[in-house]
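Visitor: Dropping in model22.cif, with mmCIF, C-alpha atoms.
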```cif
data_run
#
loop_
_atom_site.label_atom_id
_atom_site.label_comp_id
_atom_site.auth_asym_id
_atom_site.auth_seq_id
_atom_site.Cartn_x
_atom_site.Cartn_y
_atom_site.Cartn_z
CA MET A 1 0.00 0.00 0.00
CA ASN A 2 1.30 3.42 -0.98
CA ILE A 3 0.86 6.26 1.56
CA ILE A 4 0.88 9.89 0.38
CA GLU A 5 0.85 12.53 3.09
CA ASN A 6 -0.07 16.20 2.79
CA ASN A 7 0.86 18.35 5.76
CA LYS A 8 -1.08 21.39 4.56
CA VAL A 9 -4.41 19.66 5.25
CA LYS A 10 -2.95 17.02 7.61
CA GLU A 11 -4.35 14.25 5.41
CA LYS A 12 -3.01 10.85 4.44
CA LEU A 13 -4.02 9.10 1.24
CA TYR A 14 -3.69 5.32 1.20
CA VAL A 15 -3.57 3.89 -2.32
CA GLU A 16 -3.62 0.24 -3.32
CA LYS A 17 -3.90 -1.23 -6.79
CA LEU A 18 -5.42 -4.72 -6.64
CA GLU A 19 -4.17 -7.58 -8.82
CA ASN A 20 -7.19 -7.17 -11.09
CA GLY A 21 -6.21 -3.52 -11.71
CA LEU A 22 -8.75 -1.73 -9.48
CA THR A 23 -7.24 1.35 -7.78
CA ILE A 24 -8.57 2.01 -4.27
CA MET A 25 -7.95 5.34 -2.50
CA VAL A 26 -8.72 5.65 1.22
CA LEU A 27 -8.74 8.96 3.09
CA PRO A 28 -9.30 8.18 6.78
CA ARG A 29 -11.03 10.74 9.03
CA LYS A 30 -11.03 10.11 12.75
CA ASN A 31 -14.22 10.80 14.73
CA VAL A 32 -16.34 11.66 11.70
CA ARG A 33 -19.76 9.98 11.69
CA LYS A 34 -20.44 10.04 7.95
CA LYS A 35 -18.81 7.45 5.70
CA TYR A 36 -18.68 7.92 1.94
CA ILE A 37 -17.70 5.64 -0.94
CA ILE A 38 -17.62 6.37 -4.67
CA CYS A 39 -16.52 4.08 -7.49
CA GLY A 40 -16.79 3.95 -11.25
CA PRO A 41 -15.11 3.57 -14.61
CA ARG A 42 -13.37 6.04 -16.88
CA PHE A 43 -16.27 5.84 -19.30
CA GLY A 44 -18.36 8.91 -20.05
CA SER A 45 -20.47 10.49 -22.75
CA ILE A 46 -17.49 11.30 -25.01
CA ASP A 47 -16.48 7.62 -25.22
CA ASN A 48 -18.77 6.74 -28.10
CA LYS A 49 -16.25 5.37 -30.60
CA PHE A 50 -13.63 2.70 -29.89
CA ILE A 51 -12.06 -0.56 -31.04
CA ILE A 52 -12.63 -3.57 -28.79
CA PRO A 53 -9.49 -5.73 -28.26
CA GLY A 54 -9.36 -8.57 -30.79
CA LYS A 55 -11.59 -6.76 -33.29
CA LYS A 56 -10.62 -4.62 -36.27
CA GLU A 57 -13.76 -2.62 -36.90
CA GLU A 58 -14.78 0.42 -34.88
CA THR A 59 -17.69 0.29 -32.46
CA VAL A 60 -19.80 3.43 -32.80
CA LEU A 61 -22.41 4.02 -30.09
CA PRO A 62 -25.56 6.10 -30.21
CA ASP A 63 -25.32 9.24 -28.06
CA GLY A 64 -26.27 8.67 -24.42
CA VAL A 65 -25.10 5.07 -23.85
CA ALA A 66 -22.86 5.80 -20.82
CA HIS A 67 -25.74 7.61 -19.06
CA PHE A 68 -28.23 4.86 -20.04
CA LEU A 69 -25.88 2.22 -18.65
CA GLU A 70 -25.63 4.13 -15.36
CA HIS A 71 -29.43 4.06 -15.03
CA LYS A 72 -29.60 0.31 -15.68
CA MET A 73 -26.89 -0.71 -13.19
CA PHE A 74 -29.29 -0.68 -10.24
CA GLU A 75 -31.67 -3.24 -11.76
CA GLN A 76 -31.22 -6.77 -10.45
CA LYS A 77 -32.29 -10.21 -11.65
CA SER A 78 -34.48 -10.58 -8.56
CA GLY A 79 -36.58 -7.68 -9.81
CA ILE A 80 -35.58 -5.56 -6.80
CA ASN A 81 -33.84 -2.26 -7.54
CA SER A 82 -30.55 -1.89 -5.62
CA LEU A 83 -31.29 1.79 -5.02
CA ASP A 84 -34.43 0.76 -3.11
CA THR A 85 -32.49 -1.87 -1.15
CA LEU A 86 -29.87 0.67 -0.08
CA THR A 87 -32.49 3.28 0.84
CA ALA A 88 -34.33 0.69 2.95
CA ILE A 89 -31.27 0.13 5.15
CA GLY A 90 -30.84 3.85 5.72
CA VAL A 91 -28.08 4.85 3.32
CA ASN A 92 -28.21 7.61 0.73
CA ALA A 93 -27.17 6.15 -2.64
CA ASN A 94 -26.89 7.77 -6.05
CA ALA A 95 -25.00 7.76 -9.36
CA TYR A 96 -24.06 10.23 -12.08
CA THR A 97 -22.50 10.35 -15.55
CA THR A 98 -20.10 13.05 -16.75
CA ASN A 99 -18.34 13.63 -20.05
CA ASP A 100 -15.37 11.49 -19.00
CA HIS A 101 -16.48 9.11 -16.23
CA THR A 102 -19.40 7.45 -14.45
CA ALA A 103 -19.71 7.17 -10.67
CA TYR A 104 -21.76 5.14 -8.18
CA LEU A 105 -21.83 6.25 -4.57
CA TYR A 106 -23.43 6.08 -1.17
CA GLU A 107 -23.04 7.76 2.18
CA ALA A 108 -23.95 6.23 5.54
CA THR A 109 -23.65 6.82 9.25
CA ASP A 110 -24.81 3.26 10.09
CA ASN A 111 -25.02 -0.04 8.18
CA PHE A 112 -22.04 0.85 6.00
CA TYR A 113 -20.88 -2.75 5.55
CA ASP A 114 -24.40 -4.09 4.93
CA ALA A 115 -24.69 -1.46 2.21
CA LEU A 116 -21.25 -2.42 0.87
CA ASP A 117 -22.54 -5.95 0.12
CA GLU A 118 -25.32 -4.60 -2.09
CA TYR A 119 -23.11 -1.90 -3.62
CA MET A 120 -20.33 -4.27 -4.69
CA ASP A 121 -22.91 -6.78 -5.92
CA TYR A 122 -24.78 -4.47 -8.31
CA ILE A 123 -21.59 -2.85 -9.66
CA GLN A 124 -20.18 -6.28 -10.55
CA ASN A 125 -23.38 -7.99 -11.74
CA PRO A 126 -25.32 -6.10 -14.39
CA TYR A 127 -28.69 -7.40 -15.53
CA TYR A 128 -30.07 -6.18 -18.85
CA THR A 129 -33.02 -7.62 -20.77
CA ASP A 130 -34.80 -6.46 -23.91
CA GLU A 131 -37.81 -5.61 -21.73
CA ASN A 132 -36.03 -3.58 -19.05
CA VAL A 133 -34.00 -1.69 -21.68
CA GLU A 134 -37.17 -0.74 -23.58
CA LYS A 135 -38.84 0.38 -20.35
CA GLU A 136 -35.86 2.59 -19.47
CA LYS A 137 -36.02 4.38 -22.83
CA GLY A 138 -39.33 5.96 -21.82
CA ILE A 139 -37.95 7.06 -18.43
CA ILE A 140 -34.79 8.61 -19.91
CA ALA A 141 -36.75 10.24 -22.75
CA GLN A 142 -38.76 12.09 -20.07
CA GLU A 143 -35.52 13.17 -18.38
CA ILE A 144 -34.14 14.46 -21.71
CA LYS A 145 -37.31 16.46 -22.39
CA MET A 146 -37.21 17.88 -18.86
CA TYR A 147 -33.64 19.15 -19.36
CA GLU A 148 -34.64 20.66 -22.70
CA ASP A 149 -36.93 22.94 -20.69
CA TYR A 150 -34.13 24.09 -18.33
CA PRO A 151 -32.69 27.41 -19.59
CA GLU A 152 -29.53 26.94 -17.47
CA TRP A 153 -28.79 23.60 -19.13
CA GLN A 154 -29.49 24.95 -22.60
CA VAL A 155 -27.20 27.97 -22.16
CA TYR A 156 -24.41 25.61 -21.02
CA LEU A 157 -24.94 23.09 -23.83
CA ASN A 158 -25.20 25.79 -26.50
CA ALA A 159 -21.92 27.32 -25.30
CA LEU A 160 -20.27 23.92 -25.83
CA LYS A 161 -21.86 23.62 -29.28
CA CYS A 162 -20.39 27.01 -30.13
CA MET A 163 -16.93 25.99 -28.92
CA TYR A 164 -16.73 22.46 -30.31
CA LYS A 165 -17.43 21.23 -33.82
CA GLU A 166 -16.45 17.55 -33.59
CA LEU A 167 -15.74 16.45 -30.01
CA PRO A 168 -18.78 14.71 -28.45
CA ILE A 169 -18.63 17.05 -25.44
CA ARG A 170 -20.91 19.27 -27.56
CA LEU A 171 -23.69 16.68 -27.17
CA ASP A 172 -26.09 16.18 -24.27
CA ILE A 173 -24.72 13.56 -21.85
CA ALA A 174 -28.11 11.80 -21.90
CA GLY A 175 -28.28 11.78 -25.72
CA THR A 176 -31.49 12.55 -27.58
CA VAL A 177 -34.87 10.81 -27.59
CA GLU A 178 -33.99 9.56 -31.08
CA SER A 179 -30.43 8.37 -30.24
CA ILE A 180 -31.45 6.34 -27.17
CA SER A 181 -34.12 4.55 -29.23
CA HIS A 182 -31.23 2.61 -30.87
CA ILE A 183 -29.71 1.34 -27.59
CA THR A 184 -29.88 -2.45 -27.10
CA LYS A 185 -29.00 -4.76 -24.23
CA GLU A 186 -26.13 -6.14 -26.35
CA MET A 187 -24.60 -2.64 -26.56
CA LEU A 188 -24.88 -2.22 -22.80
CA TYR A 189 -23.20 -5.57 -22.11
CA ASP A 190 -20.43 -4.74 -24.63
CA CYS A 191 -19.75 -1.41 -22.87
CA TYR A 192 -19.96 -2.96 -19.41
CA ASN A 193 -17.62 -5.85 -20.27
CA ASN A 194 -15.04 -3.59 -21.89
CA PHE A 195 -15.11 -0.41 -19.75
CA TYR A 196 -16.38 -1.63 -16.36
CA THR A 197 -13.26 -3.70 -16.02
CA PRO A 198 -11.27 -3.11 -12.78
CA SER A 199 -8.18 -1.72 -14.54
CA ASN A 200 -10.39 1.07 -15.97
CA MET A 201 -12.04 1.78 -12.59
CA ALA A 202 -11.17 3.53 -9.35
CA MET A 203 -12.71 3.80 -5.90
CA ALA A 204 -12.39 6.56 -3.28
CA ILE A 205 -13.44 6.09 0.34
CA CYS A 206 -13.53 8.77 3.04
CA GLY A 207 -14.59 8.47 6.68
CA ASP A 208 -13.61 6.95 10.02
CA PHE A 209 -11.88 3.83 8.63
CA GLU A 210 -8.77 1.84 9.36
CA PRO A 211 -7.26 1.71 5.84
CA GLU A 212 -6.13 -1.92 6.11
CA LYS A 213 -9.54 -3.06 7.35
CA ILE A 214 -11.63 -1.33 4.69
CA LEU A 215 -9.24 -2.60 1.99
CA GLU A 216 -9.72 -6.17 3.26
CA GLU A 217 -13.51 -5.70 3.26
CA ILE A 218 -13.41 -4.49 -0.34
CA LYS A 219 -11.17 -7.38 -1.42
CA LYS A 220 -13.59 -9.91 0.14
CA ARG A 221 -16.37 -8.58 -2.07
CA VAL A 222 -14.41 -8.33 -5.32
CA THR A 223 -15.56 -11.06 -7.71
CA ILE A 224 -14.01 -9.81 -10.99
CA LYS A 225 -10.48 -11.19 -10.99
CA GLU A 226 -9.08 -10.61 -14.47
CA ASN A 227 -7.09 -7.60 -15.63
CA LYS A 228 -8.35 -7.10 -19.20
CA GLU A 229 -6.93 -5.16 -22.12
CA LEU A 230 -8.90 -1.95 -22.61
CA PRO A 231 -10.57 -0.75 -25.82
CA LYS A 232 -8.75 1.81 -27.94
CA ARG A 233 -10.75 5.03 -27.65
CA ILE A 234 -11.18 7.08 -30.80
CA TYR A 235 -11.85 10.79 -30.55
CA PRO A 236 -12.41 13.05 -33.56
CA LYS A 237 -9.73 15.63 -34.33
CA GLU A 238 -11.02 18.94 -33.02
CA GLN A 239 -10.11 22.23 -34.67
CA GLU A 240 -8.41 24.94 -32.59
CA GLU A 241 -10.86 27.66 -33.60
CA VAL A 242 -14.41 27.81 -32.23
CA ASN A 243 -17.31 26.30 -34.15
CA GLU A 244 -19.48 29.45 -34.05
CA LYS A 245 -19.19 32.72 -32.17
CA GLU A 246 -22.73 33.12 -30.90
CA MET A 247 -25.97 31.25 -30.29
CA ILE A 248 -29.19 32.91 -29.09
CA VAL A 249 -32.38 30.94 -28.39
CA GLN A 250 -35.76 31.85 -26.91
CA MET A 251 -37.42 30.09 -23.98
CA GLU A 252 -39.94 30.85 -21.27
CA LEU A 253 -38.06 32.92 -18.67
CA SER A 254 -38.28 36.38 -17.11
CA ASN A 255 -34.67 37.61 -17.58
CA PRO A 256 -32.06 36.44 -20.11
CA ILE A 257 -29.21 34.16 -19.00
CA PHE A 258 -25.86 33.96 -20.75
CA GLY A 259 -22.72 31.88 -21.02
CA ILE A 260 -19.37 33.26 -22.15
CA GLY A 261 -16.92 30.51 -23.09
CA PHE A 262 -13.23 30.36 -23.98
CA LYS A 263 -12.05 27.24 -25.79
CA ASP A 264 -8.75 26.01 -24.36
CA LYS A 265 -6.37 23.13 -25.05
CA VAL A 266 -4.99 20.37 -22.82
CA GLU A 267 -1.29 20.80 -22.02
CA ASP A 268 1.28 19.64 -19.48
CA ASN A 269 0.67 20.70 -15.87
CA MET A 270 -3.05 21.38 -16.11
CA VAL A 271 -3.18 21.71 -12.31
CA LYS A 272 -1.00 24.83 -12.30
CA LYS A 273 -2.97 26.26 -15.22
CA HIS A 274 -6.29 25.51 -13.50
CA ILE A 275 -5.19 27.36 -10.34
CA ALA A 276 -4.05 30.37 -12.39
CA ILE A 277 -7.37 30.52 -14.27
CA GLU A 278 -9.39 30.41 -11.04
CA ILE A 279 -7.32 33.29 -9.64
CA ILE A 280 -7.74 35.28 -12.89
CA LEU A 281 -11.52 34.76 -12.98
CA ASN A 282 -11.93 35.82 -9.35
CA THR A 283 -9.58 38.81 -9.76
CA LEU A 284 -11.39 40.17 -12.82
CA LEU A 285 -14.98 39.03 -12.22
CA GLY A 286 -15.36 37.74 -8.66
CA LYS A 287 -17.56 39.32 -5.97
CA SER A 288 -14.73 41.56 -4.77
CA SER A 289 -13.83 42.82 -8.25
CA LYS A 290 -14.35 46.37 -9.47
CA LEU A 291 -16.26 45.21 -12.56
CA TYR A 292 -18.65 43.04 -10.55
CA LYS A 293 -19.50 46.01 -8.32
CA GLU A 294 -20.11 48.26 -11.34
CA LEU A 295 -22.32 45.69 -13.08
CA THR A 296 -24.45 45.04 -10.01
CA ASP A 297 -24.65 48.70 -8.93
CA ASP A 298 -26.21 49.70 -12.25
CA ASN A 299 -28.40 46.52 -12.32
CA THR A 300 -26.78 45.30 -15.53
CA LEU A 301 -25.93 42.02 -13.78
CA LEU A 302 -28.56 40.21 -11.72
CA GLY A 303 -26.92 38.08 -9.03
CA THR A 304 -23.43 36.59 -9.06
CA LEU A 305 -21.40 35.22 -11.94
CA ASP A 306 -20.61 31.50 -11.98
CA LEU A 307 -16.93 31.13 -12.89
CA GLU A 308 -15.65 27.72 -13.87
CA TYR A 309 -12.85 25.93 -15.66
CA GLU A 310 -13.47 22.39 -16.85
CA TYR A 311 -10.89 20.04 -18.26
CA SER A 312 -10.23 16.37 -18.87
CA ARG A 313 -7.65 14.46 -20.92
CA GLU A 314 -9.49 15.50 -24.11
CA TYR A 315 -10.85 19.05 -23.65
CA ALA A 316 -10.57 22.24 -21.61
CA PHE A 317 -12.65 25.41 -21.47
CA VAL A 318 -13.58 28.42 -19.36
CA LEU A 319 -17.28 29.19 -18.81
CA ILE A 320 -18.71 32.35 -17.24
CA THR A 321 -22.49 32.25 -16.69
CA GLY A 322 -24.97 34.71 -15.22
CA GLN A 323 -28.27 36.54 -15.62
CA SER A 324 -28.77 40.00 -17.07
CA ARG A 325 -31.42 42.07 -18.79
CA LYS A 326 -28.62 43.19 -21.13
CA PRO A 327 -26.37 40.13 -21.67
CA LYS A 328 -24.52 41.65 -24.63
CA LYS A 329 -23.61 44.68 -22.51
CA VAL A 330 -22.15 42.34 -19.85
CA TYR A 331 -20.28 40.49 -22.61
CA GLU A 332 -18.77 43.73 -23.95
CA ARG A 333 -17.72 44.96 -20.50
CA ILE A 334 -16.14 41.63 -19.59
CA ASN A 335 -14.20 41.69 -22.86
CA LYS A 336 -13.03 45.22 -22.16
CA GLU A 337 -11.87 44.14 -18.68
CA ILE A 338 -9.95 41.19 -20.16
CA GLU A 339 -8.31 43.38 -22.81
CA ASN A 340 -7.33 45.91 -20.16
CA ALA A 341 -5.81 43.18 -17.94
CA ILE A 342 -3.86 41.74 -20.89
CA LYS A 343 -2.53 45.21 -21.74
CA ASN A 344 -1.77 46.47 -18.21
CA GLY A 345 -1.36 43.28 -16.18
CA LEU A 346 -3.25 42.10 -13.10
CA ASN A 347 -3.46 44.31 -10.02
CA SER A 348 -0.89 42.88 -7.57
CA GLU A 349 -3.00 43.38 -4.46
CA ASP A 350 -6.11 41.86 -6.08
CA PHE A 351 -4.07 38.94 -7.39
CA GLU A 352 -2.61 38.10 -3.96
CA ARG A 353 -5.98 38.44 -2.22
CA ASN A 354 -7.70 36.12 -4.69
CA LYS A 355 -4.81 33.68 -4.64
CA LYS A 356 -5.37 33.31 -0.88
CA LYS A 357 -9.12 32.96 -1.44
CA ILE A 358 -8.63 30.12 -3.94
CA TYR A 359 -6.29 28.34 -1.53
CA GLY A 360 -8.91 28.70 1.19
CA ASP A 361 -11.49 27.16 -1.15
CA TYR A 362 -9.21 24.16 -1.74
CA ILE A 363 -8.71 23.67 2.00
CA THR A 364 -12.47 23.93 2.64
CA GLU A 365 -13.17 21.03 0.24
CA TYR A 366 -11.45 18.73 2.73
CA ASN A 367 -14.08 19.55 5.38
CA SER A 368 -16.59 17.30 3.63
CA VAL A 369 -16.13 13.53 3.21
CA GLU A 370 -18.24 13.56 0.03
CA ASP A 371 -16.43 16.52 -1.56
CA THR A 372 -13.06 14.91 -0.77
CA ALA A 373 -13.91 11.50 -2.22
CA ARG A 374 -15.59 12.89 -5.34
CA MET A 375 -12.65 15.23 -5.94
CA PHE A 376 -10.07 12.42 -5.70
CA LEU A 377 -12.04 10.18 -8.06
CA ALA A 378 -12.61 12.90 -10.70
CA ASP A 379 -8.98 14.02 -10.53
CA TYR A 380 -7.75 10.41 -10.75
CA PHE A 381 -9.45 10.02 -14.13
CA LYS A 382 -7.65 13.17 -15.29
CA GLY A 383 -4.34 11.63 -14.27
CA VAL A 384 -4.03 13.95 -11.26
CA ASN A 385 -3.67 13.47 -7.48
CA SER A 386 -5.84 16.10 -5.77
CA PHE A 387 -3.03 16.95 -3.32
CA GLU A 388 -1.17 18.46 -6.32
CA TYR A 389 -3.42 21.54 -6.12
CA LEU A 390 -2.14 22.31 -2.61
CA GLU A 391 1.48 21.80 -3.66
CA GLU A 392 1.34 23.60 -7.02
CA TYR A 393 -0.43 26.64 -5.56
CA THR A 394 2.83 28.26 -4.41
CA ASN A 395 4.25 28.07 -7.95
CA VAL A 396 1.51 30.26 -9.45
CA THR A 397 3.03 33.72 -9.69
CA LYS A 398 1.41 36.88 -11.04
CA GLU A 399 3.73 36.67 -14.06
CA TYR A 400 2.63 33.09 -14.78
CA ALA A 401 -1.05 34.05 -14.38
CA GLU A 402 -0.59 36.92 -16.84
CA GLU A 403 0.95 34.50 -19.32
CA ILE A 404 -2.10 32.21 -18.93
CA LEU A 405 -4.41 35.22 -19.24
CA ARG A 406 -2.91 36.05 -22.65
CA GLU A 407 -2.97 32.44 -23.79
CA VAL A 408 -6.43 31.30 -22.62
CA PHE A 409 -8.55 34.45 -22.69
CA ASP A 410 -8.09 34.94 -26.42
CA LEU A 411 -11.14 36.80 -27.75
CA ASN A 412 -10.78 34.90 -31.04
CA LYS A 413 -11.60 31.70 -29.11
CA GLU A 414 -14.50 33.22 -27.22
CA VAL A 415 -18.19 32.30 -27.66
CA LEU A 416 -21.46 33.74 -26.40
CA SER A 417 -24.57 31.69 -25.59
CA ILE A 418 -27.79 33.50 -24.64
CA VAL A 419 -31.21 32.20 -23.66
CA GLU A 420 -33.73 35.04 -23.72
CA GLY A 421 -37.45 35.24 -23.06
CA ASN A 422 -40.01 34.82 -25.83
CA GLU A 423 -41.06 38.19 -27.26
#
```
Before we go any further, please render this structure as structure tokens.
Guide:
Amino acid sequence: MNIIENNKVKEKLYVEKLENGLTIMVLPRKNVRKKYIICGPRFGSIDNKFIIPGKKEETVLPDGVAHFLEHKMFEQKSGINSLDTLTAIGVNANAYTTNDHTAYLYEATDNFYDALDEYMDYIQNPYYTDENVEKEKGIIAQEIKMYEDYPEWQVYLNALKCMYKELPIRLDIAGTVESISHITKEMLYDCYNNFYTPSNMAMAICGDFEPEKILEEIKKRVTIKENKELPKRIYPKEQEEVNEKEMIVQMELSNPIFGIGFKDKVEDNMVKKHIAIEIILNTLLGKSSKLYKELTDDNTLLGTLDLEYEYSREYAFVLITGQSRKPKKVYERINKEIENAIKNGLNSEDFERNKKKIYGDYITEYNSVEDTARMFLADYFKGVNSFEYLEEYTNVTKEYAEEILREVFDLNKEVLSIVEGNE
């Protein structure tokens, strides 16, 4: 077992890779009542084209298979849904699908090991039939239609469609009503057997555990023994420039919402870059910034701006979202602020203050067992150990941040997505 210690948060990470390839990460917390476990494969919505080992032809999936598979994992041969079983013994269980991974989780204060039996059982024993797959299509179709009515989701998705021309990140994680109609039980078993293999999976556990004991309990319940060769993933070549500059749609809502995106590229040391971008966003547009005060004082901006940077092994982008009666005016003023910062540099005092704020945010994430475990799993699939953020933080200088500002906040790679009310 490998032990990685971080003195900044006084945490120890215990990592063990089992013979079958499953990586288990344990973050013990003494005297904490809640226990949290999360596990899943590196298989998300963008993994829709690949070559299965031993075959020559490409497998091309309909959009939405990873999400569909996540929904079906709880169904058991007995006819009892594992989600219901876990709820009945008093644990809070859930699952989610992202662009690059799928995760199954539960949290418990009591009955953790009883829940672990059911949890490890359903993850390792899928049960798909023609009938239960057909039934699920109706349920997921309703979910897709529901999200189509969410302005916040549409502004996000349209920003991605503006940024990306080829990469499947531009598509809804759940697919479309039409695309899921082509999903079969054979497809689900193919994806499960090739991606839900231990060497493509990881598990993160946080709570009051003895690392050796919880590892033994996991090993007792592991039934998949082989370490299989993984499929070769095929991603389309994405152009550097954006797909389109602007997308405006109408929906039922009182005030327009907007998303301003900057298409980025994946490079070495994404952790350092990520930290720099978070500091830049908070310095220029955060609650303590001059521009934010001006925009809220004159009621141009309604509420706060959501500032985020998303990246995986295949994509990276900045997204700034908010609500305004005059979204194009906000867009123009943000651009002016970026141009000014590129020309004159970042204010030193503001930079240092926001650098400390970002560090404080990182430390705060360790206060929650669920935030900690989810963070370590998501970062693992990016090829990152979450402790790297605490270590790399000191290397982010104002000069480096200004270099990133010039590189990433290129107005030629900027897009604008607006959802406005029907006239």
Visitor: Tell me which residues the PyMOL selection byres ((chain A and resi 253-269) around 9) grabs here, as JSON, numbers by chain.
Guide: {"A": [151, 152, 155, 156, 158, 159, 160, 162, 163, 164, 240, 241, 242, 250, 251, 252, 270, 271, 272, 273, 274, 302, 311, 312, 313, 314, 315, 316, 317, 318, 319, 320, 321, 322, 323, 324, 325, 326, 327, 328, 331, 407, 408, 409, 410, 411, 412, 413, 414, 415, 416, 417, 418, 419, 420, 421, 422]}
Visitor: Could you spell out the hits of the PyMOL selection byres ((chain A and resi 235) around 12) on the shown file, as a PyMOL selection string?
Guide: chain A and resi 45-51+58+60+166-169+232-234+236-238+313-315
Visitor: Do a neighbour search on Ile342 (chain A) at 10 Å with only C-alpha atoms, toss out local chain neighbours closer than 5 positions, and write the hits as a ChimeraX atom specification.
Guide: /A:336-337,402-407,409-410
Visitor: Select, counting only C-alpha atoms, all protein, DNA and RNA residues no farther than 10 Å from (-8.2, 44.1, -16.3) in file coordinates, and express the selection as an MDAnalysis selection string.
Guide: chainID A and resid 280 283:285 289:291 334:347
Visitor: Where does the PyMOL selection byres ((chain A and resi 387) around 9) land in this file, that is, which residues does it pick, as a list of chain:residue names?
Guide: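 Applied to this file, the PyMOL selection byres ((chain A and resi 387) around 9) selects A:Ile4, A:Glu5, A:Asn6, A:Phe376, A:Val384, A:Asn385, A:Ser386, A:Glu388, A:Tyr389, A:Leu390, A:Glu391, A:Glu392.
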Visitor: Between A:Gly207, A:Gly79, A:Pro198, A:Gly286, which residue has the minimum interatomic distance to Asn367 (chain A), considering all atoms listed in the file?
Guide: A:Gly207
Visitor: Counting all atoms listed in the file, figure out which residue out of A:Asn193, A:Thr372, A:Thr184, A:Asn200 gets nearest to Val133 (chain A).
Guide: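 Answer, going by the shortest atom-to-atom distance: A:Thr184.
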Visitor: Which residue is closest to Leu13 (chain A)? Choose from A:Ala204, A:Gly383, A:Asp298, A:Gln76 and count all atoms listed in the file.
Guide: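 Looking at the shortest contact to Leu13 (chain A), the residue is A:Ala204.
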Visitor: Kindly indicate which residue among A:Tyr359, A:Phe68, A:Tyr400, A:Tyr96 lies nearest to Glu134 (chain A), using only C-alpha atoms for the distances.
Guide: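 That would be A:Phe68, the residue with the smallest distance to Glu134 (chain A).
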